[in-house]
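*Asks:* If it helps, the file is called run-v9.csv and holds CSV, C-alpha atoms:
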chain,number,residue,atom,x,y,z
A,1,MET,CA,120.7,111.5,103.1
A,2,ALA,CA,118.9,112.5,99.9
A,3,ARG,CA,116.6,115.5,99.9
A,4,GLY,CA,113.5,113.3,99.7
A,5,GLY,CA,114.6,111.5,102.9
A,6,VAL,CA,115.0,114.8,104.7
A,7,PHE,CA,111.5,115.8,103.7
A,8,VAL,CA,110.2,112.5,105.2
A,9,LEU,CA,112.0,113.4,108.4
A,10,VAL,CA,110.5,116.9,108.4
A,11,ALA,CA,107.0,115.5,107.7
A,12,GLY,CA,107.5,113.0,110.6
A,13,GLY,CA,108.5,115.9,112.9
A,14,VAL,CA,105.4,117.9,112.0
A,15,ILE,CA,103.1,114.8,112.6
A,16,SER,CA,104.9,114.2,115.9
A,17,VAL,CA,104.3,117.8,117.1
A,18,ALA,CA,100.6,117.7,116.0
A,19,THR,CA,100.1,114.4,117.6
A,20,VAL,CA,101.6,115.5,120.9
A,21,LEU,CA,99.5,118.7,120.9
A,22,SER,CA,96.3,116.6,120.3
A,23,ARG,CA,97.2,114.3,123.2
A,24,LEU,CA,97.7,117.3,125.4
A,25,GLU,CA,94.2,118.4,124.3
A,26,VAL,CA,95.5,121.7,122.8
A,27,PHE,CA,93.1,120.7,120.0
A,28,SER,CA,91.1,117.6,119.2
A,29,ALA,CA,92.2,115.1,116.6
A,30,ARG,CA,88.6,115.1,115.4
A,31,GLU,CA,89.1,118.7,114.2
A,32,LEU,CA,91.5,117.4,111.6
A,33,ALA,CA,90.0,114.0,111.0
A,34,SER,CA,87.9,113.2,107.9
A,35,THR,CA,84.7,111.1,107.9
A,36,PRO,CA,82.4,109.9,105.1
A,37,GLU,CA,79.9,112.4,106.3
A,38,SER,CA,82.4,115.3,106.2
A,39,LEU,CA,83.2,114.5,102.6
A,40,GLY,CA,79.5,114.4,101.7
A,41,ASP,CA,79.2,117.9,103.3
A,42,GLY,CA,81.9,119.2,101.1
A,43,ARG,CA,84.7,119.5,103.7
A,44,VAL,CA,87.2,118.1,101.2
A,45,TRP,CA,90.3,119.6,103.0
A,46,LEU,CA,89.9,117.1,105.9
A,47,LEU,CA,91.0,114.4,103.5
A,48,ALA,CA,94.5,116.0,103.6
A,49,SER,CA,94.5,117.3,107.2
A,50,SER,CA,93.7,113.9,108.6
A,51,ALA,CA,97.3,112.9,107.9
A,52,LEU,CA,98.7,115.4,110.4
A,53,VAL,CA,97.8,113.4,113.5
A,54,ALA,CA,99.1,109.8,114.0
A,55,ASP,CA,96.6,107.2,115.1
A,56,ARG,CA,97.3,104.9,118.1
A,57,PRO,CA,99.8,103.5,118.8
A,58,ALA,CA,101.4,106.9,117.9
A,59,VAL,CA,105.0,106.0,118.3
A,60,ALA,CA,104.7,102.9,116.1
A,61,SER,CA,102.8,104.9,113.5
A,62,ILE,CA,105.3,107.7,113.3
A,63,ALA,CA,108.3,105.3,113.3
A,64,GLY,CA,106.7,103.3,110.5
A,65,PHE,CA,106.0,106.5,108.6
A,66,VAL,CA,109.7,107.6,108.8
A,67,VAL,CA,111.3,104.2,108.1
A,68,VAL,CA,109.0,103.2,105.3
A,69,GLY,CA,109.1,106.7,103.8
A,70,ILE,CA,112.9,106.8,103.7
A,71,ALA,CA,113.0,103.3,102.2
A,72,THR,CA,110.6,104.3,99.5
A,73,VAL,CA,112.5,107.4,98.6
A,74,ALA,CA,115.7,105.4,98.4
A,75,LEU,CA,114.2,102.6,96.3
A,76,CYS,CA,111.6,104.3,94.2
A,77,GLY,CA,112.7,107.9,94.1
A,78,ALA,CA,111.3,111.0,95.8
A,79,ARG,CA,108.7,111.8,93.1
A,80,VAL,CA,107.2,108.3,93.3
A,81,ALA,CA,107.2,108.4,97.1
A,82,TRP,CA,105.4,111.7,97.4
A,83,VAL,CA,102.9,111.1,94.6
A,84,ALA,CA,102.1,107.7,96.2
A,85,ALA,CA,101.8,109.3,99.6
A,86,VAL,CA,99.3,112.0,98.5
A,87,LEU,CA,97.2,109.9,96.2
A,88,GLY,CA,97.3,106.9,98.6
A,89,HIS,CA,96.1,109.0,101.5
A,90,VAL,CA,93.5,111.2,99.8
A,91,LEU,CA,92.2,109.1,96.9
A,92,SER,CA,91.9,105.8,98.9
A,93,ALA,CA,89.8,107.6,101.5
A,94,ALA,CA,87.6,109.2,98.9
A,95,ILE,CA,87.1,105.9,97.1
A,96,VAL,CA,86.1,104.1,100.3
A,97,TYR,CA,83.9,106.9,101.5
A,98,ALA,CA,82.0,106.9,98.2
A,99,ALA,CA,81.5,103.1,98.4
A,100,ILE,CA,80.3,103.4,102.0
A,101,ASP,CA,77.8,106.1,101.0
A,102,ALA,CA,76.6,104.0,98.1
A,103,SER,CA,76.2,101.0,100.4
A,104,ASN,CA,74.5,103.0,103.2
A,105,PHE,CA,77.0,102.1,106.0
A,106,SER,CA,75.5,104.7,108.3
A,107,GLY,CA,77.3,103.2,111.3
A,108,VAL,CA,80.7,104.6,110.2
A,109,ALA,CA,79.5,107.8,108.6
A,110,ARG,CA,80.8,109.9,111.6
A,111,VAL,CA,83.7,107.7,112.7
A,112,PRO,CA,86.8,110.0,112.7
A,113,ASP,CA,89.4,108.7,110.2
A,114,TYR,CA,93.0,110.0,110.7
A,115,GLY,CA,96.6,108.8,110.8
A,116,THR,CA,99.4,107.9,108.5
A,117,SER,CA,98.6,104.3,107.9
A,118,ALA,CA,97.2,104.9,104.3
A,119,ILE,CA,100.4,106.7,103.4
A,120,ILE,CA,102.5,103.8,104.7
A,121,ALA,CA,100.3,101.3,102.8
A,122,ALA,CA,100.8,103.3,99.6
A,123,TRP,CA,104.6,103.2,100.1
A,124,ILE,CA,104.5,99.5,100.8
A,125,GLY,CA,102.6,99.0,97.6
A,126,ALA,CA,105.2,101.0,95.7
A,127,ILE,CA,108.1,99.0,97.2
A,128,ALA,CA,106.3,95.7,96.6
A,129,CYS,CA,105.5,96.6,93.0
A,130,LEU,CA,109.2,97.5,92.4
A,131,MET,CA,110.3,94.2,93.9
A,132,TRP,CA,107.8,92.3,91.7
A,133,LEU,CA,109.0,94.0,88.6
A,134,ARG,CA,112.6,93.1,89.5
A,135,GLY,CA,111.6,89.4,89.8
A,136,ARG,CA,111.5,89.2,93.6
A,137,ARG,CA,107.8,88.2,93.6
A,138,MET,CA,107.9,86.1,96.7
A,139,GLY,CA,109.5,88.9,98.7
A,140,ALA,CA,106.8,91.3,97.4
A,141,VAL,CA,104.0,89.0,98.6
A,142,VAL,CA,105.7,88.5,101.9
A,143,LEU,CA,106.2,92.2,102.4
A,144,CYS,CA,102.5,92.9,101.8
A,145,VAL,CA,101.3,90.0,104.0
A,146,VAL,CA,103.6,90.8,106.9
A,147,SER,CA,102.7,94.5,106.7
A,148,ALA,CA,99.0,93.7,106.8
A,149,LEU,CA,99.4,91.5,109.8
A,150,LEU,CA,101.6,94.0,111.6
A,151,GLY,CA,99.0,96.8,111.0
A,152,TRP,CA,96.2,94.6,112.2
A,153,PHE,CA,98.2,93.7,115.4
A,154,CYS,CA,99.0,97.3,116.1
A,155,LYS,CA,95.4,98.6,115.6
A,156,GLY,CA,93.5,95.6,116.9
A,157,GLN,CA,89.9,96.4,116.0
A,158,LEU,CA,89.2,97.0,112.3
A,159,THR,CA,86.2,98.6,110.6
A,160,VAL,CA,85.1,99.0,107.0
A,161,LEU,CA,87.1,102.2,106.8
A,162,ASP,CA,90.3,100.2,107.0
A,163,THR,CA,89.6,98.9,103.5
A,164,GLU,CA,91.2,102.1,102.4
A,165,HIS,CA,94.6,100.5,103.2
A,166,ALA,CA,94.0,98.0,100.4
A,167,ALA,CA,93.1,100.8,98.0
A,168,ALA,CA,96.2,102.8,99.1
A,169,LEU,CA,98.4,99.7,98.5
A,170,ALA,CA,97.0,99.4,95.0
A,171,ILE,CA,97.5,103.2,94.3
A,172,GLY,CA,101.1,103.0,95.5
A,173,ALA,CA,101.8,100.1,93.1
A,174,ALA,CA,100.0,102.0,90.3
A,175,THR,CA,102.3,105.0,90.9
A,176,VAL,CA,105.4,102.8,90.1
A,177,LEU,CA,103.7,101.3,87.1
A,178,TRP,CA,102.7,104.7,85.8
A,179,ARG,CA,106.1,106.3,86.0
A,180,PRO,CA,107.8,104.5,83.1
A,181,GLN,CA,104.7,105.0,80.9
A,182,ALA,CA,104.8,108.7,81.8
A,183,ARG,CA,108.4,108.9,80.8
A,184,LEU,CA,107.7,107.2,77.5
A,185,VAL,CA,105.0,109.8,76.7
A,186,VAL,CA,107.3,112.7,77.7
A,187,ASP,CA,110.2,111.3,75.7
A,188,ARG,CA,108.0,110.7,72.6
A,189,ALA,CA,106.6,114.3,72.9
A,190,ARG,CA,110.1,115.6,73.1
A,191,GLU,CA,111.1,113.5,70.0
A,192,VAL,CA,108.1,114.9,68.0
A,193,MET,CA,108.9,118.5,69.1
A,194,GLY,CA,112.5,118.0,68.1
A,195,GLN,CA,111.5,116.8,64.6
A,196,VAL,CA,109.1,119.7,64.2
A,197,ARG,CA,111.9,122.2,65.1
A,198,LEU,CA,114.3,120.4,62.7
A,199,VAL,CA,111.8,120.7,59.9
A,200,GLU,CA,111.3,124.4,60.7
A,201,ARG,CA,115.0,125.1,60.6
A,202,HIS,CA,115.7,123.0,57.5
A,203,PRO,CA,112.6,123.0,55.3
A,204,GLU,CA,112.6,120.7,52.3
A,205,PRO,CA,113.3,122.5,49.0
A,206,ARG,CA,110.3,123.2,47.0
A,207,VAL,CA,110.0,121.5,43.6
A,208,ASP,CA,108.7,123.7,40.8
A,209,LEU,CA,106.6,121.6,38.7
A,210,ARG,CA,105.9,124.3,36.2
A,211,HIS,CA,107.6,124.1,32.8
A,212,ASP,CA,108.4,127.0,30.7
A,213,HIS,CA,107.5,126.6,27.0
A,214,PRO,CA,109.0,128.8,24.3
Have the structure of the file written as structure tokens, please.
*Replies:*
Amino acid sequence: MARGGVFVLVAGGVISVATVLSRLEVFSARELASTPESLGDGRVWLLASSALVADRPAVASIAGFVVVGIATVALCGARVAWVAAVLGHVLSAAIVYAAIDASNFSGVARVPDYGTSAIIAAWIGAIACLMWLRGRRMGAVVLCVVSALLGWFCKGQLTVLDTEHAAALAIGAATVLWRPQARLVVDRAREVMGQVRLVERHPEPRVDLRHDHP
């Protein structure tokens, strides 16, 4: 197994331990969960810590995290997988929280938001985007639809906070689209730097335009 896949397993193990401890009431999941109110209060770190405890059903959430994570690493590469995971989890929540605050949805301002579902959604977005780019467009659409239905079936009741999954899906797809563009920028920068070094090593001969007259 690739190193990226091992990291997914390690992350799944950490989430499993934290989830079990929270179920045993060693600590409350609310202590790590983020809310629109907590972001407004400046507790930004909760956007990251909220991924450490799996939402119910915990077994399905952790299994989905590991399976989809390993698949994303294998298909898209470790860098895309982890960038999509971090941005999908943190940025999607921040976007939805800001929209909720602007729309004055006070009913969900203190609802604890935690789990790995946004990360999974970002990974699915990355895989679906890759499939789309490779011409398997129907498969990409089916993957997104089936994943959404499966997530709804597992969670049951949805709130406005769950719109972050759609945002995470888009962020995961954007991560795949961004990678080749980033490579082009880096390659172009290296090409320019190589030309600069070449000029420095082999400067063009100077032409003396002055003429000596007797």
*Asks:* Which residue, A:Val10, A:Met131, A:Ala29, A:Leu52, has the smallest gap to Val111 of chain A when you use all atoms listed in the file?
*Replies:*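 Under the stated criterion, the closest residue is A:Ala29.
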*Asks:* May I ask which of the residues A:Ser103, A:Thr19, A:Gln157, A:Ser92 is the closest one to Val59 of chain A, counting all atoms listed in the file?
*Replies:*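 Closest to Val59 of chain A of all the choices is A:Thr19.
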*Asks:* Considering all atoms listed in the file, return as a list in words whatever protein or nucleic-acid residues lie within 10 Å of Pro57 of chain A, sequence-local ones (same chain, fewer than 4 positions apart) excluded.
*Replies:*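 These residues fall inside the cut-off: Ser61, Ile62, Cys154 and Lys155 of chain A.
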*Asks:* In Å to one decimal, how far is atom CA of Thr116 of chain A from atom CA of Val66 of chain A?
*Replies:*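 Between atom CA of Val66 of chain A and atom CA of Thr116 of chain A the gap works out to 10.3 Å.
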*Asks:* Counting only C-alpha atoms, which of A:Trp132, A:Trp152, A:Trp82, A:Tyr97 gets nearest to Val8 of chain A?
*Replies:*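 Using only C-alpha atoms, the shortest distance to Val8 of chain A belongs to A:Trp82.
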*Asks:* Kindly indicate which residue among A:Ile95, A:Leu169, A:Ala33, A:Leu87 lies nearest to Arg110 of chain A, using all atoms listed in the file for the distances.
*Replies:*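 Under the stated criterion, the closest residue is A:Ala33.
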*Asks:* Quick one: residues within 6 Å of segment 117-126 of chain A, all atoms listed in the file counted, chain neighbours fewer than 5 positions away excluded, as a list in words?
*Replies:*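 The residues that qualify are Phe65, Ala84, Ala85, Gly88, His89, His165, Ala168, Leu169, Gly172, Ala173 and Val176 of chain A.
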*Asks:* For C-alpha atoms, I'd like the residues from the last selection saved as an mmCIF file, keeping the file's coordinate frame.
*Replies:*
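Final file, out_39.cif:
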data_model
loop_
_atom_site.group_PDB
_atom_site.id
_atom_site.type_symbol
_atom_site.label_atom_id
_atom_site.label_comp_id
_atom_site.auth_asym_id
_atom_site.auth_seq_id
_atom_site.Cartn_x
_atom_site.Cartn_y
_atom_site.Cartn_z
ATOM 1 C CA PHE A 65 106.000 106.500 108.600
ATOM 2 C CA ALA A 84 102.100 107.700 96.200
ATOM 3 C CA ALA A 85 101.800 109.300 99.600
ATOM 4 C CA GLY A 88 97.300 106.900 98.600
ATOM 5 C CA HIS A 89 96.100 109.000 101.500
ATOM 6 C CA HIS A 165 94.600 100.500 103.200
ATOM 7 C CA ALA A 168 96.200 102.800 99.100
ATOM 8 C CA LEU A 169 98.400 99.700 98.500
ATOM 9 C CA GLY A 172 101.100 103.000 95.500
ATOM 10 C CA ALA A 173 101.800 100.100 93.100
ATOM 11 C CA VAL A 176 105.400 102.800 90.100
#
